Amino acid sequence: MNALKVALYILVYPGFLFQSGFSTFLEWLDRKVYARMQNRRGPMYTGWAGILQPIADIVKLLSKEDIVPAAADQRAFAFMPILSLAAVFTAGLYLPVWHLRSFNSFEGDLIVVLYLLTIPSFALFLAGWFSVSPYSLLGATRVLTQLFAYEVPFFMAVLTPAVLAGSWQISKIAIFPWTVAGHWWVIPIELIAFVVAILALQAKLERVPFDIPEAETEVVGGPLTEYSGKKLAIFRLQKDILMYVGAALVACVFLGGFGALPQGGDQASIGVLGLVFGGYLGGVAGLLLGVVGLLLKTTLVVFLLSTLRAACARIRIDQIVRFSWRYLAPWSVAQFLIVLLLKAKGAV
Amino acid sequence: MFKKLIKWARTKSPWVLHFNSGACNACDIEILAALMPHYDLERFGVQLKATPRHADVLLCSGPVTKQIAPRLKRIYEQMPEPKAVVAVGACACSGGAFRGCYNVLEGVDQIIPVAAYIPGCPIKPEALIDGVAKLLGKA
Ligand code: SF4
């Protein structure tokens, strides 16, 4: 029975099916928002308002010929997409989207998720490295350079709420603002870290203005230049899931995630929605509202990411390194100090 | 059922690669115009891709100069199956204004198989959309 439950968790919710479905929805939303901001319409004729467009893309790629360049390392070339998909997918399992505690959560899962989210970048680097084409090599080195720019600010920004909550467990950080009534003001305090995390997440996802590794006017397709067919489909799916996991992580850590009252034990109630409706709901209704709330927050984060993408133009690789070490890193240190001071004064 | 799904996906998500095989650039500008907000080809799921490995449809503009012919062939060979080539503009169809010049071939189909010809000098973005739609209807 228990094994069946775990299998359901892994395969259906919050596992593979849910993650792929919701992340393709997020990609559609991202494309729509991006198109509307450019005064376009975006995908229109694939399902309702083009909502099935990402799925059509992936199915089409799956059915295409799969070319492996003769010079490439055959096995590593095929292994990289699977490795990166597995990493983001596993990271998604630790997010508290179902219950207050996901079925495998433990003290310290935040660190695990952060490290799992680093693997796709390395896989991308190795993918470019093993495809042995000048463009993918250039793109691969850019992936690594960019990694050194955004990773430290991202870690520091995400760890700030953890220090505030005094826990390394995502679900505990997520419910921290709701542990005491009227305690939600810890959310606006983390605003600087939130901004840093959003910018770093954008860089992690390699989207405009930080899409330097795949700048098509300079390095063709970046590390993915030589990928086609099924492997490219897996990379696309991985990118979507990475967007979902990253956004949901930010929503959990900074925006109160699920939202809950610990007095009810495991029973979930609602966060922001609860404040709006004046009161906490328990039981199934609260659970459902909690899930909806978290998904809405995730969508909000993705909306911010797409706005950023539409509003900016690509910067150069030296500019992103300078930007993140000159601004992002000091900002997150400042945020860290603010939180430490608050803690020392006993305010939280 | 499975075949139907694949066919649906293929017609709904044609990714294009734009290749200038010696055009005077007017057709290229019209291709870009078709992708820009006014005509917005992304409505049909069309996306411009940077590398032949990701593309399904090769949009060729220009009569194919002798210098670029082997490269065009190579790009075509780098695209994964199934693939289609669209000859964009009078030049790409038959040589157009450059027909008979010492340094050009007479159209894209001298080098690679072409699935759709879109005449015009330069083409209209509407013509391009119509041509691609007909091509997808045939698929
Ligand atoms: S068809 Fe006419 S407009 Fe188009 S590339 Fe040829 S000469 Fe230029």
# chains A, B, ... in the order shown; residues from 1 in each chain; ligands from 1
$ residues_near_ligand --ligand "ligand 1" --cutoff "7 Å" --atoms "only C-alpha atoms and all ligand atoms" --output "PyMOL selection string"
chain B and resi 23-27+61-63+89-92+96-97+120-123
$ residues_around --residues "A:Ser131" --least-positions-apart "5" --cutoff "9 Å" --atoms "only C-alpha atoms" --output "PyMOL selection string"
chain A and resi 68-69+71-74+76-77+126+136-137+223-227
$ residues_around --residues "A:Gly139" --least-positions-apart "6" --cutoff "8 Å" --atoms "only C-alpha atoms" --output "list in words"
Phe125, Gly128, Ile212, Pro213, Glu214, Val219, Gly221, Gly222 and Pro223 of chain A
$ select_by_dssp --residues "stretch 47-106 of chain A" --states "helix (DSSP H, G or I)" --output "PyMOL selection string"
chain A and resi 48-50+53-62+74-93
$ write_last_selection --atoms "C-alpha atoms" --output "CSV table (one decimal), in the first residue's frame"
chain,number,residue,atom,x,y,z
A,48,TRP,CA,-7.9,26.7,-26.8
A,49,ALA,CA,-5.8,29.8,-27.5
A,50,GLY,CA,-2.9,27.6,-28.3
A,53,GLN,CA,1.4,24.4,-28.2
A,54,PRO,CA,4.2,23.3,-25.9
A,55,ILE,CA,2.9,19.7,-26.0
A,56,ALA,CA,2.7,19.8,-29.7
A,57,ASP,CA,6.3,21.0,-29.9
A,58,ILE,CA,7.4,18.2,-27.6
A,59,VAL,CA,5.5,15.5,-29.4
A,60,LYS,CA,6.8,16.7,-32.7
A,61,LEU,CA,10.4,16.6,-31.5
A,62,LEU,CA,9.9,13.2,-30.1
A,74,GLN,CA,27.8,9.0,-28.4
A,75,ARG,CA,27.0,7.8,-24.9
A,76,ALA,CA,27.6,11.1,-23.0
A,77,PHE,CA,25.7,12.9,-25.7
A,78,ALA,CA,22.7,10.7,-25.1
A,79,PHE,CA,23.1,10.7,-21.3
A,80,MET,CA,23.1,14.4,-20.6
A,81,PRO,CA,19.4,15.2,-21.4
A,82,ILE,CA,18.3,12.3,-19.2
A,83,LEU,CA,20.6,13.4,-16.4
A,84,SER,CA,19.3,16.9,-16.4
A,85,LEU,CA,15.6,15.9,-16.6
A,86,ALA,CA,16.1,13.5,-13.7
A,87,ALA,CA,17.7,16.1,-11.6
A,88,VAL,CA,15.0,18.8,-12.0
A,89,PHE,CA,12.3,16.2,-11.7
A,90,THR,CA,13.7,14.9,-8.4
A,91,ALA,CA,14.1,18.4,-7.2
A,92,GLY,CA,10.4,19.0,-7.9
A,93,LEU,CA,9.5,16.0,-5.7
$ residues_around --residues "B:Ser94" --least-positions-apart "4" --cutoff "10 Å" --atoms "only C-alpha atoms" --output "VMD selection string"
chain B and resid 62 to 64 87 89 to 90 98 to 99 105 to 110 117 119
$ write_last_selection --atoms "C-alpha atoms" --output "short mmCIF file (atom, residue, chain, number, x, y, z; two decimals), in the first residue's frame"
data_model
loop_
_atom_site.label_atom_id
_atom_site.label_comp_id
_atom_site.auth_asym_id
_atom_site.auth_seq_id
_atom_site.Cartn_x
_atom_site.Cartn_y
_atom_site.Cartn_z
CA GLY B 62 17.69 33.64 -53.36
CA PRO B 63 18.82 31.98 -56.57
CA VAL B 64 21.68 30.02 -54.94
CA ALA B 87 11.59 28.36 -52.03
CA GLY B 89 10.68 34.50 -53.94
CA ALA B 90 11.01 34.43 -57.70
CA PHE B 98 19.41 36.88 -61.61
CA ARG B 99 18.53 34.14 -64.09
CA LEU B 105 22.24 28.58 -60.42
CA GLU B 106 18.61 28.70 -61.39
CA GLY B 107 16.68 28.17 -58.23
CA VAL B 108 16.92 26.16 -55.06
CA ASP B 109 15.56 22.98 -56.63
CA GLN B 110 18.78 22.56 -58.57
CA TYR B 117 7.37 27.49 -54.31
CA PRO B 119 6.70 33.40 -56.22
#
$ closest_residue --among "B:Gly131, B:Pro14, B:Pro70, B:Pro80" --to "B:Pro52" --atoms "only C-alpha atoms"
B:Pro80
$ atom_distance --atom1 "atom CA of A:Leu124" --atom2 "atom CA of A:Ala247"
19.9 Å
$ interface_residues --of "chain B" --to "chain A" --cutoff "12 Å" --atoms "only C-alpha atoms" --output "VMD selection string"
chain B and resid 2 to 15 17 34 to 56 77 to 83
$ select_by_dssp --residues "stretch 8-135 of chain B" --states "strand (DSSP E)" --output "VMD selection string"
chain B and resid 15 to 20 47 to 48 57 to 61 84 to 88 116 to 118
$ atom_distance --atom1 "atom CA of A:Met243" --atom2 "atom CA of A:Leu205"
6.7 Å
$ atom_distance --atom1 "atom CA of A:Phe210" --atom2 "atom CA of A:Trp129"
20.3 Å
$ residues_around --residues "B:Ala69" --least-positions-apart "3" --cutoff "9 Å" --atoms "only C-alpha atoms" --output "JSON, numbers by chain"
{"B": [21, 64, 65, 66, 72, 73, 74, 105, 108, 111]}
$ write_last_selection --atoms "N, CA and C atoms" --output "compact mmCIF listing (two decimals), in the first residue's frame"
# COMPACT_ATOMS: atom_id res chain seq x y z
N SER B 21 20.22 32.28 -49.55
CA SER B 21 21.15 31.66 -50.48
C SER B 21 21.45 32.60 -51.64
N VAL B 64 20.56 30.91 -55.24
CA VAL B 64 21.68 30.02 -54.94
C VAL B 64 22.90 30.39 -55.78
N THR B 65 23.79 31.12 -55.19
CA THR B 65 25.02 31.44 -55.88
C THR B 65 25.91 30.20 -55.90
N LYS B 66 26.86 30.20 -56.81
CA LYS B 66 27.70 29.00 -56.94
C LYS B 66 28.49 28.77 -55.67
N LEU B 72 24.48 25.24 -48.81
CA LEU B 72 23.03 25.02 -48.74
C LEU B 72 22.75 23.53 -48.61
N LYS B 73 23.49 22.76 -49.41
CA LYS B 73 23.29 21.32 -49.38
C LYS B 73 23.63 20.77 -48.00
N ARG B 74 24.71 21.28 -47.44
CA ARG B 74 25.15 20.79 -46.13
C ARG B 74 24.11 21.13 -45.07
N LEU B 105 23.04 29.68 -59.88
CA LEU B 105 22.24 28.58 -60.42
C LEU B 105 20.83 29.10 -60.64
N VAL B 108 16.49 27.04 -56.14
CA VAL B 108 16.92 26.16 -55.06
C VAL B 108 16.80 24.70 -55.46
N ILE B 111 19.59 22.18 -56.34
CA ILE B 111 20.48 21.60 -55.34
C ILE B 111 19.74 20.62 -54.43
